[in-house]
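Engineer: Please see the structure below; I have some questions.
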Amino acid sequence: MKTLRTLALLSLALAALSCVKEQHPRVRPEIYHKSDVEVKATASLPEGWTPMTKAASDITDIDNAELQSRGFGVYAFYTGTEEYSSAKDSTAYNKFGLVLNNRRFEYSASTWSNSGKAEFWPASDGENLTLFAYAPWDTWNGLVQYDGKVPTIQYDNFVAQNLSVSELEKQRDILWGTNTAGDPHKNMEKDDYDPEGTVDFHFRHAVAKVCLNVKGTLPGEVRNQTDAGNVSSSNGATGDPENGETKSNVGDPETLFGNNSTYYRSDGYDYSNWVYVRYYWAVQNQTETETIIQTRYRTTTETATNTRYSVSGQRYLVEEVTLKGFNQKGTLVLDNAVSYNPTWINTARFSGSNPEYVLNSSNVLSQSLQYVPAATVQSNFETYTGITENAQDLMSGYFLYAIPRESASGDRIAVTIDYHKLNVSGNLTVNQTRQVIQKQTRTISRTRTRSRKSDEIRVTSDRDRTNSWNNAYNTYASHESDYTFTAAWNSWGNWSSWSNPAWGEWQNDSATEWEITSSTLTGATVNYNDDNAPHLSGEIITDLEGGRVYDMNLIVAGDKIELDVVPRPWDLKEFEFDYNANVNDVIQPLTYDSSFIDYADAGGNVYINNRMGKFFFQLGAGKYASWQASLVGDAAFGFCDENGNFILDEHGNRVASIRNAIDPEVMNYIYIKPINTEASVTSHAKLRIYYIDATGDAVVALNLVEMDGVTEWTIWQNAN
């Protein structure tokens with residue numbers, strides 16, 4: 001009995017132990033049969049994307065170099081033969097497994113590598129991995145979350161309400177990875193990539209960038225010059241010569257006579273023929289000349305002293321600018337549903353009635369705009385210039401990274417500005433300097449020569465002795481053969497020494513703007529009109545989309561403020577258009593081919609839906625040599641050729657813009673089509689035309705558009 005009871009207890013213990021082992025396995029079984037192809041990844045920002053950090057700011061946009069130095073994180077999911085869906089969690093898949101769990105990829109020796117152990121693609125055809133990525137690793141690794149469905153990153157308020165330098169520099173760029181079409185790498189097999197198994201992530205900015213500017217239409221200060229003062233120059237050291245264009249020229253053969261060029265072989269009678277003859281030959285020279293154009297530069301400092309002006313009018317100095325309507329926090333989902341557009345959820349506005357952001361003299365409000373006592377302005381007259389008709393940066397080179405938001409819900413960005421009117425009159429004496437770059441040129445040369453001799457020729461005299469017994473002479477006309485050169489040229493001689501001609505006169509090549517070094521305001525009246533301290537406010541409905549830069553312009557006009565928000569691609573530099581500088585003629589305004597669109601309206605909306613849109617225009621002569629077309633807004637459209645093939649760069653990415661030279665004889669055609677013909681959301685983008693100046697900068701050319709007064713068209717694709 002004792003033995004049986006002992007055996008029974010032992011059986012129960014073994015059974016219990018067996019249950020524990022099944023519930024808590026120490027070794028996870030393999031989730032799929034692995035191939036010998038390793039899961040690898042590379043990373044880059046789209047071609048042409050460059051950091052746009054302004055000089056005064058320590059905020060840095062992530063560029064390729066920084067991406068490589070800081071790394072990126074990757075999640076990879078195995079879903080068997082099923083398609084990945086963020087609506088499912090890990091238990092919904094038959095063989096679900098997390099292959100890469102927030103794995104860091106690092107860059108070294110020109111190669112990206114997995115920081116952990118190697119992982120491999122499934123061996124069986126039809127079995128998939130889905131991959132997501134973010135960057136940079138060192139910023140967001142601690143904030144990325146995974147709930148069994150899709151990775152997300154918390155992006156909370158990185159900027160305090162008072163826009164101090166220290167707070168602004170806490171802002172961080174955030175990138176998420178896609179394929180070249182702007183979509184996630186979903187349901188991929190190892191042979192979907194080249195080289196096999198290597199996933200190429202193209203990282204894109206997930207936040208929006210907001211730049212603040214101000215300009216005015218108010219009557220301003222008038223300054224009339226009364227005395228030009230004295231201008232003196234001091235020349236800097238002359239730089240070393242720079243060699244320019246080199247030319248080598250071989251001169252035409254030259255036949256020389258006279259000294260050492262021709263000589264007589266014999267001179268006298270040819271008694272066999274009784275003819276008086278002269279034999280001689282010619283020498284022919286050929287000279288090769290090599291020239292080099294040399295240029296050298298020097299920097300000249302010009303100083304203008306005691307330049308005098310009479311000053312009268314008003315200045316407008318800013319006391320405070322406030323902004324309200326931004327998101328304070330949000331969650332970036334690494335699985336974006338719309339091509340190129342980041343997906344943000346759980347966005348939350350700032351709470352309370354206080355403004356989110358405040359600009360004043362205590363933070364980064366540009367010093368030239370700051371409201372200070374009148375006496376401070378008088379003693380620093382060229383510092384506090386105030387609001388002018390030219391747009392000025394409100395934030396001294398800084399900007400805001402903004403969590404994207406949509407205006408469809410009626411949310412507005414509200415802006416208020418408090419400014420003061422300063423009455424100014426008096427006489428101003430200034431001292432100024434500027435830097436002038438001067439250049440001078442000369443052409444140096446050297447030569448070498450080769451030669452050859454002609455065959456012998458004979459010239460007869462004009463008389464012959466034909467009757468020797470009576471010494472009679474007959475008269476004949478002289479005759480002369482042409483030169484013939486059957487001998488080869490001899491080799492080139494040695495080069496002569498380079499010539500050393502005098503340098504030409506110094507000429508001005510370029511100059512900086514005059515810069516005031518000191519100023520004195522005399523006989524002055526500088527005071528504030530205390531009854532005129534306007535508090536202006538305005539609201540604007542605008543989207544803030546990820547991967548876009550927004551120029552928010554505050555235009556002070558009398559007793560109101562106008563707001564203008566210009567969205568543009570992150571990497572495109574754009575400047576105010578100059579309509580008075582020999583602008584190119586518009587021979588054919590930008591228009592569309594009606595057979596390529598569904599419909600258009602007088603509001604400037606052109607609906608192509610899932611079709612290919614065709615637009616055309618023609619430019620004449622003028623200031624600019626080339627034009628560019630860009631799509632500003634949803635990245636749901638691409639430029640294509642007349643056959644509907646997307647235009648790609650050398651890396652296989654769809655181009656963000658197209659550019660061509662201006663030819664008055666050529667009609668320019670633009671073809672646009674949707675990237676996703678089954679889009680579940682409505683997409684739109686502005687078709688914007690630019691002139692390109694000599695430095696490659698873009699100038700908005702809205703005068704190319706003529707359609708019922710609309711100055712810019714919007715391309716639409718309705719939801720399918």
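Every chain in the structure tokens takes a letter, A first, then B, and so on in the order presented; its residues are numbered from 1, and the ligands are numbered from 1 following the presented order.
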I need the alpha helix (DSSP H) residues of region 78-264 of chain A per DSSP on the backbone, written as an MDAnalysis selection string.
Structural biologist: chainID A and resid 137:140 165:168
Engineer: Leaving out region 545-555 of chain A and any residue of its chain fewer than 2 positions from it, which residues lie within 8 Å of it when counting only C-alpha atoms, given as a PyMOL selection string?
Structural biologist: chain A and resi 204-217+341-342+391+403-406+543+557+561-570+633
Engineer: How would the residues just chosen look if you wrote them out with C-alpha atoms as an mmCIF file, in the first residue's frame?
Structural biologist:
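Written output follows (selection_31.cif):
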data_model
loop_
_atom_site.group_PDB
_atom_site.id
_atom_site.type_symbol
_atom_site.label_atom_id
_atom_site.label_comp_id
_atom_site.auth_asym_id
_atom_site.auth_seq_id
_atom_site.Cartn_x
_atom_site.Cartn_y
_atom_site.Cartn_z
ATOM 1 C CA ARG A 204 10.500 61.479 -44.839
ATOM 2 C CA HIS A 205 9.806 64.315 -42.406
ATOM 3 C CA ALA A 206 6.693 63.553 -40.351
ATOM 4 C CA VAL A 207 6.191 67.047 -38.925
ATOM 5 C CA ALA A 208 5.470 70.369 -40.609
ATOM 6 C CA LYS A 209 7.815 73.322 -40.408
ATOM 7 C CA VAL A 210 6.356 76.779 -39.793
ATOM 8 C CA CYS A 211 8.298 79.975 -40.519
ATOM 9 C CA LEU A 212 6.884 83.339 -39.394
ATOM 10 C CA ASN A 213 7.322 86.570 -41.336
ATOM 11 C CA VAL A 214 5.844 90.054 -41.103
ATOM 12 C CA LYS A 215 5.524 92.962 -43.505
ATOM 13 C CA GLY A 216 3.359 96.077 -43.664
ATOM 14 C CA THR A 217 1.421 98.234 -46.072
ATOM 15 C CA ASN A 341 1.519 61.370 -45.917
ATOM 16 C CA PRO A 342 2.387 60.529 -42.295
ATOM 17 C CA ALA A 391 8.958 90.654 -45.414
ATOM 18 C CA ILE A 403 2.441 68.370 -35.359
ATOM 19 C CA PRO A 404 0.284 68.074 -38.503
ATOM 20 C CA ARG A 405 -3.321 69.158 -38.271
ATOM 21 C CA GLU A 406 -6.245 69.358 -40.675
ATOM 22 C CA ASP A 543 -3.761 72.453 -43.094
ATOM 23 C CA ALA A 557 -2.539 96.821 -43.230
ATOM 24 C CA ILE A 561 -3.958 92.125 -40.121
ATOM 25 C CA GLU A 562 -3.947 89.939 -43.214
ATOM 26 C CA LEU A 563 -2.667 86.380 -43.021
ATOM 27 C CA ASP A 564 -1.118 84.473 -45.876
ATOM 28 C CA VAL A 565 0.161 80.908 -45.564
ATOM 29 C CA VAL A 566 2.317 79.535 -48.370
ATOM 30 C CA PRO A 567 2.993 75.766 -48.308
ATOM 31 C CA ARG A 568 5.976 74.465 -50.221
ATOM 32 C CA PRO A 569 8.126 71.344 -50.464
ATOM 33 C CA TRP A 570 10.578 70.953 -47.600
ATOM 34 C CA GLY A 633 0.229 69.715 -51.049
#
Engineer: Residues of region 387-430 of chain A in strand (DSSP E or B) according to DSSP, as a list in words?
Structural biologist: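 Residues meeting the strand (DSSP E or B) criterion: Gln392, Asp393, Leu400, Tyr401, Ala402, Arg405, Ile413, Ala414, Val415, Thr416, Ile417, Asp418, Tyr419, His420, Lys421, Leu422, Asn423, Val424, Ser425, Gly426, Asn427, Leu428, Thr429 and Val430 of chain A.
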Engineer: Within 6 Å of region 713-715 of chain A, counting only C-alpha atoms, which residues qualify if same-chain residues fewer than 3 places away don't, as a list in words?
Structural biologist: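 Final neighbour list, sorted by chain and number: Gly604, Asn605, Val606, Tyr607, His684, Ala685, Lys686 and Leu687 of chain A.
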Engineer: List the spatial neighbours of Thr152 (chain A) as a ChimeraX atom specification - criterion: any atom at most 6 Å away, only C-alpha atoms, same-chain residues fewer than 3 positions off excluded.
Structural biologist: /A:144-145,332-334
Engineer: Would you save the residues of that selection, restricted to C-alpha atoms, as a PDB file, in the first residue's frame?
Structural biologist:
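Contents of again_39.pdb, freshly written:
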ATOM      1  CA  VAL A 144       8.464  54.137 -29.634  1.00  0.00           C
ATOM      2  CA  GLN A 145       5.654  51.793 -28.571  1.00  0.00           C
ATOM      3  CA  LEU A 332       2.983  59.090 -35.191  1.00  0.00           C
ATOM      4  CA  VAL A 333       1.856  55.757 -36.644  1.00  0.00           C
ATOM      5  CA  LEU A 334       4.597  54.123 -38.693  1.00  0.00           C
TER       6      LEU A 334
END
Engineer: Show me, as a list in words, the residues that have an atom within 7 Å of region 373-382 of chain A when counting only C-alpha atoms, minus same-chain residues fewer than 3 positions from it.
Structural biologist: Thr385, Leu521, Val526, Asn527 and Tyr528 of chain A
